[in-house]
Every structure is written in structure tokens, then in C-alpha cells.
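**Student:** Structure: run_17.csv, CSV, C-alpha atoms.
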chain,number,residue,atom,x,y,z
T,1442,MET,CA,-52.1,-9.6,-38.9
T,1443,PRO,CA,-52.3,-13.3,-37.9
T,1444,PRO,CA,-55.7,-15.0,-38.4
T,1445,SER,CA,-57.8,-15.4,-35.3
T,1446,LYS,CA,-58.8,-18.7,-33.8
T,1447,SER,CA,-62.4,-18.4,-35.1
T,1448,ASP,CA,-61.2,-17.8,-38.7
T,1449,ILE,CA,-59.0,-20.9,-38.6
T,1450,GLU,CA,-61.8,-23.1,-37.2
T,1451,SER,CA,-64.2,-21.8,-39.9
T,1452,ILE,CA,-61.7,-22.7,-42.6
T,1453,VAL,CA,-61.1,-26.2,-41.2
T,1454,LYS,CA,-64.9,-26.9,-41.0
T,1455,THR,CA,-65.3,-25.8,-44.6
T,1456,ALA,CA,-62.4,-27.9,-45.7
T,1457,ASP,CA,-63.9,-31.0,-44.1
T,1458,SER,CA,-67.1,-30.7,-46.1
T,1459,GLY,CA,-65.4,-30.2,-49.5
T,1460,PRO,CA,-63.2,-32.3,-51.8
T,1461,SER,CA,-59.8,-33.5,-50.6
T,1462,LEU,CA,-57.9,-31.2,-53.0
T,1463,TRP,CA,-59.7,-28.1,-51.7
T,1464,ARG,CA,-59.1,-29.2,-48.2
T,1465,TRP,CA,-55.3,-29.3,-48.7
T,1466,ALA,CA,-55.4,-26.0,-50.5
T,1467,ARG,CA,-57.1,-24.4,-47.5
T,1468,TRP,CA,-54.6,-25.9,-45.1
T,1469,GLY,CA,-51.8,-24.5,-47.2
T,1470,LEU,CA,-53.5,-21.1,-47.1
T,1471,VAL,CA,-53.7,-21.3,-43.2
T,1472,LEU,CA,-50.0,-22.2,-43.0
T,1473,VAL,CA,-49.0,-19.3,-45.3
T,1474,VAL,CA,-51.1,-16.9,-43.2
T,1475,ALA,CA,-49.5,-18.2,-40.0
T,1476,MET,CA,-46.0,-17.9,-41.3
T,1477,THR,CA,-46.7,-14.4,-42.6
T,1478,GLY,CA,-47.9,-13.3,-39.1
T,1479,LEU,CA,-44.9,-15.0,-37.5
T,1480,TRP,CA,-42.5,-13.1,-39.9
T,1481,PHE,CA,-44.2,-9.8,-39.1
T,1482,TRP,CA,-43.8,-10.5,-35.3
T,1483,TRP,CA,-40.2,-11.5,-35.7
T,1484,SER,CA,-39.4,-8.4,-37.8
T,1485,SER,CA,-41.1,-6.1,-35.3
T,1486,ASP,CA,-39.2,-7.7,-32.3
T,1487,SER,CA,-35.9,-7.4,-34.2
T,1488,ARG,CA,-36.4,-3.7,-34.8
T,1489,GLN,CA,-37.2,-3.3,-31.1
T,1490,ASN,CA,-33.8,-4.9,-30.2
T,1491,LEU,CA,-31.7,-2.7,-32.4
T,1492,PRO,CA,-29.1,-1.0,-30.1
T,1493,VAL,CA,-29.3,2.8,-29.5
T,1494,TYR,CA,-26.1,4.3,-28.1
T,1495,ILE,CA,-25.9,7.1,-25.7
T,1496,THR,CA,-22.9,9.3,-26.4
T,1497,GLU,CA,-20.9,12.3,-25.1
T,1498,ALA,CA,-18.5,14.4,-27.1
T,1499,VAL,CA,-14.8,14.4,-26.3
T,1500,GLU,CA,-13.9,17.9,-25.0
T,1501,ARG,CA,-10.9,20.0,-24.1
T,1502,GLY,CA,-10.9,21.4,-20.6
T,1503,ASP,CA,-9.3,21.5,-17.2
T,1504,ILE,CA,-9.1,18.7,-14.7
T,1505,VAL,CA,-8.8,19.6,-11.0
T,1506,VAL,CA,-8.2,16.7,-8.7
T,1507,GLN,CA,-9.3,17.2,-5.1
T,1508,VAL,CA,-9.1,15.2,-1.9
T,1509,THR,CA,-11.9,15.9,0.6
T,1510,ALA,CA,-11.3,15.7,4.4
T,1511,THR,CA,-13.0,16.8,7.6
T,1512,GLY,CA,-11.6,18.2,10.8
T,1513,THR,CA,-11.8,21.1,13.3
T,1514,VAL,CA,-10.4,24.6,13.5
T,1515,GLU,CA,-7.9,25.0,16.3
T,1516,PRO,CA,-5.5,27.6,17.7
T,1517,THR,CA,-1.9,27.3,16.6
T,1518,ASN,CA,-1.0,27.2,20.3
T,1519,GLN,CA,-3.4,26.3,23.1
T,1520,VAL,CA,-2.2,26.2,26.8
T,1521,GLU,CA,-4.0,24.9,29.9
T,1522,ILE,CA,-3.0,26.8,33.0
T,1523,SER,CA,-3.0,24.8,36.3
T,1524,SER,CA,-1.9,25.3,39.8
T,1525,GLU,CA,1.0,23.4,41.4
T,1526,LEU,CA,-0.2,24.3,44.9
T,1527,SER,CA,-3.2,23.5,46.9
T,1528,GLY,CA,-5.1,26.2,48.6
T,1529,THR,CA,-8.1,28.5,48.5
T,1530,VAL,CA,-8.6,30.9,45.6
T,1531,ARG,CA,-8.5,34.5,46.9
T,1532,SER,CA,-9.1,36.4,43.7
T,1533,VAL,CA,-9.9,35.8,40.0
T,1534,GLU,CA,-8.6,38.5,37.7
T,1535,ALA,CA,-9.3,37.2,34.2
T,1536,ASP,CA,-12.5,36.1,32.5
T,1537,PHE,CA,-13.7,34.6,29.2
T,1538,ASN,CA,-12.4,36.2,26.0
T,1539,ASP,CA,-10.0,38.5,27.9
T,1540,LEU,CA,-6.8,39.4,26.0
T,1541,VAL,CA,-3.9,38.6,28.3
T,1542,LYS,CA,-0.1,39.2,28.2
T,1543,LYS,CA,2.7,36.8,29.2
T,1544,GLY,CA,3.1,37.1,33.0
T,1545,GLN,CA,-0.2,38.7,33.6
T,1546,ILE,CA,-2.0,37.6,36.8
T,1547,LEU,CA,-5.0,35.4,36.2
T,1548,ALA,CA,-5.9,34.4,39.7
T,1549,ARG,CA,-4.3,34.3,43.2
T,1550,LEU,CA,-4.4,31.7,46.0
T,1551,ASP,CA,-4.5,32.5,49.7
T,1552,THR,CA,-0.9,33.2,50.8
T,1553,ASP,CA,-1.0,33.5,54.6
T,1554,LYS,CA,0.6,30.1,55.2
T,1555,LEU,CA,3.1,30.5,52.4
T,1556,GLU,CA,4.2,33.9,53.7
T,1557,ALA,CA,4.7,32.4,57.2
T,1558,ASN,CA,6.8,29.7,55.6
T,1559,VAL,CA,9.0,32.3,53.9
T,1560,GLU,CA,9.5,34.2,57.2
T,1561,LEU,CA,10.4,31.0,59.0
T,1562,SER,CA,13.0,30.2,56.3
T,1563,GLN,CA,14.4,33.7,56.5
T,1564,ALA,CA,14.8,33.3,60.3
T,1565,SER,CA,16.4,29.9,59.9
T,1566,LEU,CA,18.9,31.5,57.4
T,1567,THR,CA,19.7,34.2,59.9
T,1568,ALA,CA,20.3,31.7,62.7
T,1569,ALA,CA,22.6,29.7,60.4
T,1570,GLN,CA,24.5,32.8,59.5
T,1571,ALA,CA,25.0,33.5,63.2
T,1572,ARG,CA,26.3,30.0,63.8
T,1573,LEU,CA,28.7,30.4,60.9
T,1574,ALA,CA,30.1,33.5,62.5
T,1575,GLU,CA,30.5,31.7,65.8
T,1576,ALA,CA,32.2,28.8,64.2
T,1577,THR,CA,34.5,31.2,62.3
T,1578,ALA,CA,35.5,32.8,65.6
T,1579,THR,CA,36.1,29.5,67.3
T,1580,LEU,CA,38.2,28.3,64.4
T,1581,ASN,CA,40.4,31.4,64.6
T,1582,GLU,CA,40.8,30.9,68.4
T,1583,THR,CA,41.7,27.3,68.2
T,1584,LYS,CA,44.1,27.9,65.3
T,1585,ALA,CA,46.0,30.5,67.4
T,1586,ASN,CA,46.1,28.1,70.4
T,1587,TYR,CA,47.4,25.3,68.1
T,1588,ASP,CA,50.1,27.5,66.6
T,1589,ARG,CA,51.3,28.6,70.0
T,1590,ALA,CA,51.4,24.9,71.2
T,1591,VAL,CA,53.5,24.0,68.3
T,1592,LEU,CA,56.1,26.7,69.2
T,1593,LEU,CA,56.1,25.7,72.8
T,1594,GLU,CA,56.6,22.1,72.0
T,1595,GLN,CA,59.5,23.0,69.7
T,1596,LYS,CA,61.2,24.8,72.7
T,1597,HIS,CA,60.3,21.8,74.9
T,1598,VAL,CA,58.3,24.1,77.1
T,1599,THR,CA,55.0,22.1,76.9
T,1600,THR,CA,54.2,18.5,76.8
T,1601,LEU,CA,53.2,16.4,73.8
T,1602,GLU,CA,49.8,15.9,75.4
T,1603,GLY,CA,49.1,19.6,75.4
T,1604,LEU,CA,50.0,19.9,71.7
T,1605,LEU,CA,47.7,17.0,70.8
T,1606,LYS,CA,44.8,18.6,72.7
T,1607,ALA,CA,45.3,21.9,70.9
T,1608,LYS,CA,45.3,20.2,67.5
T,1609,ALA,CA,42.1,18.2,68.3
T,1610,ALA,CA,40.4,21.5,69.2
T,1611,TYR,CA,41.5,23.1,66.0
T,1612,ASP,CA,40.2,20.2,63.9
T,1613,ARG,CA,36.8,20.2,65.7
T,1614,ALA,CA,36.6,24.0,65.0
T,1615,LYS,CA,37.2,23.4,61.2
T,1616,ALA,CA,34.5,20.7,61.1
T,1617,ALA,CA,32.1,23.0,62.9
T,1618,LEU,CA,32.8,25.8,60.4
T,1619,LYS,CA,31.9,23.4,57.5
T,1620,SER,CA,28.8,22.3,59.3
T,1621,ALA,CA,27.7,25.9,59.8
T,1622,GLU,CA,28.4,26.7,56.1
T,1623,ALA,CA,26.2,23.6,55.1
T,1624,ASP,CA,23.4,24.8,57.4
T,1625,ILE,CA,23.4,28.2,55.6
T,1626,ARG,CA,23.1,26.4,52.2
T,1627,VAL,CA,20.2,24.4,53.6
T,1628,ALA,CA,18.5,27.5,55.0
T,1629,GLU,CA,19.0,29.3,51.7
T,1630,ALA,CA,17.5,26.4,49.8
T,1631,ASN,CA,14.5,26.2,52.1
T,1632,LEU,CA,14.0,30.0,51.6
T,1633,LYS,CA,14.1,29.6,47.8
T,1634,ILE,CA,11.5,26.7,48.0
T,1635,ASN,CA,9.1,28.7,50.2
T,1636,GLN,CA,9.6,31.8,48.1
T,1637,ALA,CA,8.9,29.9,44.9
T,1638,ASN,CA,5.7,28.5,46.5
T,1639,LEU,CA,4.7,32.0,47.4
T,1640,ASP,CA,5.3,33.2,43.9
T,1641,LYS,CA,3.3,30.2,42.5
T,1642,ALA,CA,0.3,31.3,44.5
T,1643,CYS,CA,0.0,33.9,41.8
T,1644,ILE,CA,-1.4,32.0,38.8
T,1645,CYS,CA,-0.1,33.9,35.7
T,1646,SER,CA,-0.4,33.6,31.9
T,1647,SER,CA,2.4,31.8,30.2
T,1648,ILE,CA,1.7,33.2,26.7
T,1649,ASP,CA,0.2,36.2,25.0
T,1650,GLY,CA,-3.3,35.2,23.9
T,1651,VAL,CA,-7.0,35.1,24.8
T,1652,VAL,CA,-8.9,33.3,27.6
T,1653,LEU,CA,-11.0,30.5,26.0
T,1654,ASP,CA,-12.2,28.9,29.2
T,1655,ARG,CA,-12.2,29.6,33.0
T,1656,ASN,CA,-12.8,26.8,35.5
T,1657,VAL,CA,-12.2,28.7,38.8
T,1658,GLU,CA,-14.2,30.9,41.2
T,1659,VAL,CA,-13.3,32.9,44.2
T,1660,GLY,CA,-13.4,30.8,47.4
T,1661,GLN,CA,-12.8,27.5,45.5
T,1662,ILE,CA,-10.4,25.1,47.1
T,1663,VAL,CA,-7.7,23.9,44.7
T,1664,ALA,CA,-6.4,20.4,45.4
T,1665,SER,CA,-3.4,19.6,43.3
T,1666,SER,CA,-2.1,16.6,45.3
T,1667,LEU,CA,-3.3,13.9,42.8
T,1668,GLN,CA,-3.8,15.8,39.6
T,1669,ALA,CA,-3.3,19.5,38.8
T,1670,PRO,CA,-6.7,21.0,38.0
T,1671,VAL,CA,-7.1,23.1,34.8
T,1672,LEU,CA,-8.1,26.6,35.9
T,1673,PHE,CA,-7.7,28.5,32.6
T,1674,THR,CA,-7.4,27.6,28.9
T,1675,LEU,CA,-5.5,30.1,26.8
T,1676,ALA,CA,-5.1,30.3,23.1
T,1677,ALA,CA,-2.4,32.1,21.2
T,1678,ASP,CA,-3.1,34.9,18.7
T,1679,LEU,CA,-6.4,33.8,17.0
T,1680,THR,CA,-5.6,35.8,13.8
T,1681,SER,CA,-3.5,32.9,12.8
T,1682,MET,CA,-5.1,29.4,13.3
T,1683,GLN,CA,-4.9,25.9,11.9
T,1684,LEU,CA,-7.3,23.3,10.5
T,1685,GLN,CA,-6.6,19.8,11.7
T,1686,VAL,CA,-8.1,17.3,9.2
T,1687,ASP,CA,-8.1,13.5,8.9
T,1688,ILE,CA,-7.1,12.2,5.4
T,1689,ASP,CA,-8.0,8.7,4.4
T,1690,GLU,CA,-5.2,6.2,3.9
T,1691,ALA,CA,-6.2,5.8,0.2
T,1692,ASP,CA,-5.7,9.5,-0.4
T,1693,ILE,CA,-2.6,10.2,1.8
T,1694,GLY,CA,-0.2,9.4,-1.1
T,1695,LYS,CA,-1.7,12.2,-3.2
T,1696,VAL,CA,-1.3,15.1,-0.8
T,1697,LYS,CA,1.9,16.9,0.1
T,1698,VAL,CA,3.1,19.9,2.1
T,1699,GLY,CA,2.3,23.1,0.3
T,1700,ASP,CA,-0.9,21.9,-1.4
T,1701,GLU,CA,-3.6,24.6,-1.4
T,1702,ALA,CA,-7.1,24.0,-0.2
T,1703,VAL,CA,-10.4,25.6,0.5
T,1704,PHE,CA,-12.7,24.8,3.4
T,1705,SER,CA,-16.2,25.7,4.6
T,1706,VAL,CA,-17.8,25.7,8.0
T,1707,GLU,CA,-21.5,25.4,9.0
T,1708,ALA,CA,-21.5,28.9,10.5
T,1709,TYR,CA,-21.0,30.6,7.1
T,1710,GLN,CA,-23.0,28.8,4.4
T,1711,GLY,CA,-21.9,29.3,0.9
T,1712,ARG,CA,-18.6,30.8,1.9
T,1713,THR,CA,-15.1,29.2,1.6
T,1714,PHE,CA,-11.9,30.0,3.3
T,1715,PRO,CA,-8.4,29.5,1.8
T,1716,ALA,CA,-5.8,27.3,3.5
T,1717,ALA,CA,-2.5,25.4,2.8
T,1718,ILE,CA,-1.0,22.2,4.1
T,1719,SER,CA,1.8,23.0,6.5
T,1720,GLU,CA,2.4,19.6,8.1
T,1721,LEU,CA,1.6,15.9,7.4
T,1722,ARG,CA,1.9,13.7,10.4
T,1723,TYR,CA,3.1,10.1,10.2
T,1724,ALA,CA,1.2,8.7,13.2
T,1725,PRO,CA,-1.9,6.8,12.1
T,1726,LYS,CA,-5.3,7.2,13.7
T,1727,THR,CA,-7.5,4.1,13.6
T,1728,VAL,CA,-11.2,4.4,14.4
T,1729,ASP,CA,-13.6,1.4,13.8
T,1730,GLY,CA,-11.0,-0.1,11.5
T,1731,VAL,CA,-10.6,3.0,9.4
T,1732,VAL,CA,-7.1,4.4,9.2
T,1733,THR,CA,-6.5,8.1,8.7
T,1734,TYR,CA,-3.5,10.5,8.9
T,1735,GLU,CA,-3.7,14.0,10.3
T,1736,ALA,CA,-2.8,17.0,8.2
T,1737,ILE,CA,-2.4,20.5,9.5
T,1738,LEU,CA,-3.6,23.4,7.3
T,1739,SER,CA,-2.5,27.0,8.1
T,1740,ILE,CA,-5.4,29.5,8.2
T,1741,ASP,CA,-5.3,33.3,8.0
T,1742,ASN,CA,-8.1,34.5,10.4
T,1743,SER,CA,-7.4,38.2,10.3
T,1744,ASP,CA,-11.2,38.9,10.1
T,1745,MET,CA,-11.7,36.8,13.3
T,1746,LEU,CA,-14.7,35.0,11.8
T,1747,LEU,CA,-13.4,31.5,12.6
T,1748,ARG,CA,-13.5,30.2,16.2
T,1749,PRO,CA,-11.8,27.3,17.8
T,1750,GLY,CA,-13.7,24.0,17.6
T,1751,MET,CA,-15.6,24.7,14.4
T,1752,THR,CA,-16.1,21.7,12.2
T,1753,ALA,CA,-14.8,22.2,8.7
T,1754,THR,CA,-14.8,20.3,5.4
T,1755,ALA,CA,-11.7,20.9,3.3
T,1756,ASP,CA,-11.2,20.3,-0.4
T,1757,ILE,CA,-7.4,19.9,-1.0
T,1758,THR,CA,-6.2,20.4,-4.6
T,1759,VAL,CA,-3.7,17.7,-5.3
T,1760,ALA,CA,-3.4,18.0,-9.2
T,1761,GLU,CA,-4.5,20.5,-11.8
T,1762,ILE,CA,-4.2,19.8,-15.6
T,1763,LYS,CA,-5.0,22.7,-18.0
T,1764,ASP,CA,-6.5,22.4,-21.5
T,1765,THR,CA,-6.5,18.6,-22.0
T,1766,LEU,CA,-8.7,16.1,-23.7
T,1767,THR,CA,-11.4,14.8,-21.4
T,1768,ILE,CA,-14.0,12.1,-21.5
T,1769,SER,CA,-16.8,11.2,-19.2
T,1770,ASN,CA,-16.0,8.5,-16.6
T,1771,ALA,CA,-19.1,6.6,-17.8
T,1772,ALA,CA,-17.2,5.9,-21.0
T,1773,LEU,CA,-14.5,4.0,-19.1
T,1774,ARG,CA,-17.2,1.8,-17.6
T,1775,PHE,CA,-19.1,0.9,-20.8
T,1776,ALA,CA,-18.7,-2.3,-22.8
T,1777,PRO,CA,-21.2,-3.5,-25.4
T,1778,PRO,CA,-23.0,-6.7,-24.7
T,1779,VAL,CA,-22.2,-9.9,-26.5
T,1780,GLU,CA,-25.0,-11.6,-28.6
T,1781,ALA,CA,-26.0,-15.0,-27.4
T,1782,THR,CA,-25.0,-18.0,-29.5
T,1783,ASP,CA,-27.6,-18.9,-32.2
T,1784,ASN,CA,-28.6,-22.4,-30.8
T,1785,GLY,CA,-31.8,-22.6,-32.8
T,1786,GLY,CA,-30.1,-23.2,-36.2
T,1787,THR,CA,-32.3,-22.3,-39.2
T,1788,GLY,CA,-36.0,-22.3,-39.9
T,1789,LEU,CA,-38.6,-21.5,-37.3
T,1790,LEU,CA,-36.6,-22.4,-34.3
T,1791,GLY,CA,-33.8,-20.2,-35.6
T,1792,MET,CA,-36.2,-17.3,-35.9
T,1793,LEU,CA,-37.5,-17.8,-32.4
T,1794,PHE,CA,-34.1,-18.0,-30.7
T,1795,LYS,CA,-32.2,-15.4,-32.8
T,1796,ASN,CA,-33.3,-12.5,-30.6
T,1797,ALA,CA,-32.6,-14.2,-27.3
T,1798,PRO,CA,-31.4,-11.9,-24.5
T,1799,ARG,CA,-27.7,-10.7,-24.7
T,1800,ALA,CA,-25.2,-11.3,-21.9
T,1801,PRO,CA,-23.5,-8.2,-20.7
T,1802,VAL,CA,-19.7,-8.0,-20.6
T,1803,ALA,CA,-18.0,-7.1,-17.3
T,1804,THR,CA,-16.5,-3.6,-16.9
T,1805,PRO,CA,-13.3,-3.5,-18.9
T,1806,LYS,CA,-10.2,-3.7,-16.8
T,1807,ALA,CA,-6.9,-1.7,-17.2
T,1808,ASP,CA,-3.9,-3.3,-18.8
T,1809,SER,CA,-0.6,-3.7,-17.0
T,1810,ASP,CA,0.5,-0.4,-18.3
T,1811,GLY,CA,-2.7,1.3,-17.3
T,1812,ARG,CA,-4.3,1.5,-20.8
T,1813,ARG,CA,-8.0,1.1,-21.1
T,1814,GLN,CA,-10.4,0.3,-24.0
T,1815,ILE,CA,-13.4,2.6,-24.7
T,1816,TRP,CA,-15.9,2.7,-27.4
T,1817,ILE,CA,-16.7,5.5,-29.8
T,1818,LEU,CA,-19.6,5.9,-32.3
T,1819,LYS,CA,-18.0,6.0,-35.8
T,1820,ASP,CA,-20.2,5.9,-38.9
T,1821,GLY,CA,-23.1,4.6,-36.8
T,1822,GLU,CA,-21.1,1.7,-35.5
T,1823,ALA,CA,-19.5,1.1,-32.1
T,1824,THR,CA,-15.7,1.1,-32.5
T,1825,ALA,CA,-13.1,0.1,-29.8
T,1826,VAL,CA,-10.3,2.6,-29.1
T,1827,ASP,CA,-7.3,2.1,-26.7
T,1828,ILE,CA,-6.4,5.1,-24.5
T,1829,LEU,CA,-4.2,5.9,-21.6
T,1830,PRO,CA,-6.3,7.6,-18.9
T,1831,GLY,CA,-4.7,10.2,-16.6
T,1832,GLU,CA,-6.1,12.2,-13.7
T,1833,THR,CA,-9.8,12.3,-12.9
T,1834,ASP,CA,-12.0,14.7,-10.9
T,1835,GLY,CA,-14.7,12.1,-10.4
T,1836,SER,CA,-16.8,12.9,-13.4
T,1837,LYS,CA,-14.2,13.6,-16.2
T,1838,THR,CA,-11.0,11.8,-16.9
T,1839,GLU,CA,-7.9,13.1,-18.7
T,1840,VAL,CA,-6.8,11.3,-21.9
T,1841,ARG,CA,-3.0,11.2,-22.0
T,1842,GLU,CA,-2.7,9.0,-25.1
T,1843,GLY,CA,-5.1,7.5,-27.6
T,1844,ASP,CA,-6.6,7.9,-31.1
T,1845,LEU,CA,-9.2,10.4,-30.0
T,1846,SER,CA,-9.9,14.0,-31.2
T,1847,GLU,CA,-12.0,16.8,-29.8
T,1848,GLY,CA,-15.6,16.2,-30.9
T,1849,ASP,CA,-15.5,12.4,-31.1
T,1850,LEU,CA,-18.5,10.7,-29.7
T,1851,VAL,CA,-17.7,8.3,-26.9
T,1852,ILE,CA,-20.3,5.8,-25.9
T,1853,THR,CA,-21.4,5.9,-22.3
T,1854,ASP,CA,-24.5,3.6,-22.3
T,1855,GLN,CA,-26.7,1.5,-24.6
T,1856,THR,CA,-30.4,1.0,-24.9
T,1857,THR,CA,-32.8,-0.5,-27.5
T,1858,GLU,CA,-35.5,1.0,-29.7
The structure given in the file should be rewritten as C-alpha cells.
**Tutor:**
Amino acid sequence: MPPSKSDIESIVKTADSGPSLWRWARWGLVLVVAMTGLWFWWSSDSRQNLPVYITEAVERGDIVVQVTATGTVEPTNQVEISSELSGTVRSVEADFNDLVKKGQILARLDTDKLEANVELSQASLTAAQARLAEATATLNETKANYDRAVLLEQKHVTTLEGLLKAKAAYDRAKAALKSAEADIRVAEANLKINQANLDKACICSSIDGVVLDRNVEVGQIVASSLQAPVLFTLAADLTSMQLQVDIDEADIGKVKVGDEAVFSVEAYQGRTFPAAISELRYAPKTVDGVVTYEAILSIDNSDMLLRPGMTATADITVAEIKDTLTISNAALRFAPPVEATDNGGTGLLGMLFKNAPRAPVATPKADSDGRRQIWILKDGEATAVDILPGETDGSKTEVREGDLSEGDLVITDQTTE
């Protein structure tokens, strides 16, 4: 070990008291001892800076590439039932979770005024029909008078004035008949309108399904003049549902219709459900600057475990490679550091600066053809190898081309002793 300060001072004092030759000999001894200590220090530091590589073996395995997306479980067909009429609710005949058929009555409005309007329309139609009969009779009468006037005028029995009066009466009768016929059509239309309003007082189901929500009570006044109120929310057959998920714009190019997926919901921890993409929508959705696209996944809900509105996380399988060479993704990020330039030259300064810190190299980048450089441990030395990486599952990457074999040790990191 290097001499201490007290030892050096003792040697110097002894040298000052002796002859000159012995003084220089002792100084030489001090220098040799100091250089020996410095050499031991440098050797120890050099050993501490020797690189130690962390490696992983190249393996054969399967690569499954998945895209993760979140969304909600929804019915394949959901309908909101409203009322086109205003009025007071007389009865409610369906409740939450009830199974209903198309045309089944869900609620009824008070119909007294509507029934009166129907009766008024029927009376108006009857009156119009009577006027039509009267106009028909008048037309027949005036036609007979006009025909007779024509014969008399041909025999010069009547005057021209009498013939013109008969023709005018006949024309007025034809016009009255057309007016009566139009009145009947108006009365029939009014009757249809009022009958339709009476029918709409019965709020009925438009699909076969189940009642998800009910927003109406007996005695409630429904006002549909400005906006039709939603009274019932119905869902089609819940044994077949759909999962609506938002896929990030960076992943939308990887997925396609028909891709299989599995998803999970908070209600059933540790359980997954199968699904498949049935539709990819082109319309973008932008929220806080993030662009996503909606995908529809078909779900078989025969066991009725899933409910509308459940939040789900789906893993969509977009690629699957069987029995291929794989390496750790950390190997693609590793590059050995470059030793600093020896600015100290030779001698003592060279020894001091030889083990200066090394500058790390930036993460290697892919070539234009997608090839990457990785490092393997071969005969105890780091050796560069060019490969063409393929699909990745986030932790492992497929090796499509490259001078690699199963069992080779790829370097993923480096430390020092």
C-alpha cells in the first residue's frame, strides 16, 4: 500500500541529516514506493471498469400481437319510445326488465278528447255524404231540363234564353257535385287524422325486447309540443350484444373486420369473454386532441351475464406467428458505450486519464429497409449482428432474417465489475 504522510516526513528528515548521496537514495526510494502505490490503484480501478454483459438466450416461440382498447357493452338495437301527442297518462302497463313483444301496449294516454274528435269527424263525413247525394240528384234534374231545352230549341218551341238558363243550371249542378265529392275527401282525411291520433294514445312497443328504462307514471302530463319526451327505453334481444370500443389512430391500421378478441369487465374479475370485430367505422372521434376510431365487436351473451353499459377492456389479436426465433426487446435498445479518447498521452497523465468515463451511444436506429443491429456475446466479446425484426408483443420480437441461432446470447445491458 502507498506510504503514509508520516512515513514520508520521517524519511525526509533522516535524509536531511545524512550525506547527500544517501539523501538522494532515500528520495528515490520514496518515488518508487509512490509509483508502486499508484500502479496498484490504477490496476484496481481498471479491473473495476471491466464490462460485464447481461444477456438473454435466443429462443423459439410464438408471438401474439394484440391491440388493447376500452369501451362499453351495448345492445345491438336500442330504441327510445316517445309520444307524438300531449296529454295525461291514464295507465302504465310495462315496467323495468319486462319482456315485451312488438305492438304490445306500454302505456295509454287519456282519450276523451281524441274520441270526441273522431266522432266529430265521422259526423262531418256523414254530412258531406248527404250533400253529395243532394248534389247528385240536382245534377240529374238539371241535366234532364237541359236535354229537354235542347230538343225544344231545335223545334223552335222555346227561346234561346230558356236554353241558356237550362245549360247554366246544369253547369252549376256539375260544379256542386265536384264540391260535394271534395268535401267527402276532406271529411275522410280528417277522420283518418283523428283516428290516428286516437291510436297513438296507445304507446306501444316497436320491437321485441326488454324494458331497460321507464320515465313515465300514471297521471303524468306529457307535453310533446317542443320535444318528444322519452317514456321508455327498449333493447332488442340481450342474448346477442355488441362491444363498442375506441381504437387509437396509431393502431387502427393493424386491425380488420373478423379479428378475434377477448375482453373483461369489472363485474367478473379474472374472467374473459370472446368477441370478434364486425364493423370498423370511418368517422373519427377527437377528445382532448386524441383521435380514435370506433370498432364494433359482436358478443354472444347467451348466459345473460353481461349488461348494457358495462365498461370493458378488450385485447384484439391482430397477428400471431408460430414457432419463430424471438429475442428480448431490450436487445434492440442496447448499444455498447464508446471509450473516451486518450487525451493524457503516456506516462502518469496517461494512466490517470485512461479510465475516464465512457460516453454512451444513442439507441440504434433502423435502416431504410427496417434492419437493426444487435449485439451478441461470442467468445466473451460483444459482436454486432444485423437482423430484420418482425412482429412484437411488447416484450419479445420476431427475428425474420439474421445470423442468429437458437441459444445464442444477445446482450440486453452492460454493467462493470
**Student:** Would you compute the distance between atom CA of T:Leu1675 and atom CA of T:Asp1536? Give it in Å to one decimal.
**Tutor:**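 Computed distance, atom CA of T:Leu1675 to atom CA of T:Asp1536, equals 10.8 Å.
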**Student:** Counting all atoms listed in the file, which of T:Asp1764, T:Glu1658, T:Glu1602, T:Asp1756 gets nearest to T:Ala1702?
**Tutor:**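 The answer is T:Asp1756, which sits nearest to T:Ala1702.
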**Student:** Stretch 1734-1751 of chain T: which residues within 6 Å, counting all atoms listed in the file, same-chain residues fewer than 4 positions away excluded, as number ranges by chain?
**Tutor:** T: 1513-1515, 1680-1688, 1716-1722, 1725
**Student:** Please provide the set of residues having any atom within 12 Å of T:Ala1691, restricted to all atoms listed in the file, with same-chain residues fewer than 5 positions apart removed, written as a PyMOL selection string.
**Tutor:** chain T and resi 1508-1510+1696+1731-1734
**Student:** Can you work out which one of T:Thr1754, T:Asn1581, T:Thr1600, T:Asn1538 has the shortest atom-to-atom distance to T:Asp1654, counting all atoms listed in the file?
**Tutor:** T:Asn1538
**Student:** Can you work out which one of T:Glu1761, T:Glu1839, T:Glu1622, T:Asp1827 has the shortest atom-to-atom distance to T:Glu1575, counting all atoms listed in the file?
**Tutor:**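 The closest residue to T:Glu1575 is T:Glu1622.
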**Student:** One decimal, in Å: what's the spacing between atom CA of T:Thr1824 and atom CA of T:Thr1853?
**Tutor:** 12.6 Å
**Student:** Closest to T:Pro1670 among T:Ser1809, T:Leu1526, T:Thr1758, T:Gly1694, using only C-alpha atoms?
**Tutor:**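 Of the candidates, the smallest distance to T:Pro1670 is held by T:Leu1526.
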**Student:** Interatomic distance between atom CA of T:Lys1726 and atom CA of T:Thr1752?
**Tutor:**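 Distance between the two atoms: 18.1 Å.
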**Student:** So which one's closest to T:Thr1767, T:Glu1847, T:Asp1700, T:Asp1689, T:Glu1521? Using all atoms listed in the file, please.
**Tutor:** T:Glu1847
**Student:** What's the 12 Å shell around T:Ala1630, counting all atoms listed in the file, without same-chain residues fewer than 3 positions away, as a count of residues only?
**Tutor:** 15
**Student:** List the neighbours of T:Arg1589 out to 12 Å using all atoms listed in the file; skip same-chain residues closer than 4 positions along the sequence, and give me the result as number ranges by chain.
**Tutor:** T: 1582-1585, 1593-1596, 1598-1599, 1603-1604, 1607-1608, 1611
**Student:** If we count all atoms listed in the file and set the cut-off at 7 Å, which residues sit around T:Gly1650, ignoring sequence neighbours fewer than 5 positions away in its own chain? Please answer as a list of chain:residue names.
**Tutor:**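 Here the qualifying residues turn out to be T:Leu1540, T:Val1541, T:Lys1542, T:Leu1675, T:Ala1676, T:Ala1677, T:Asp1678.
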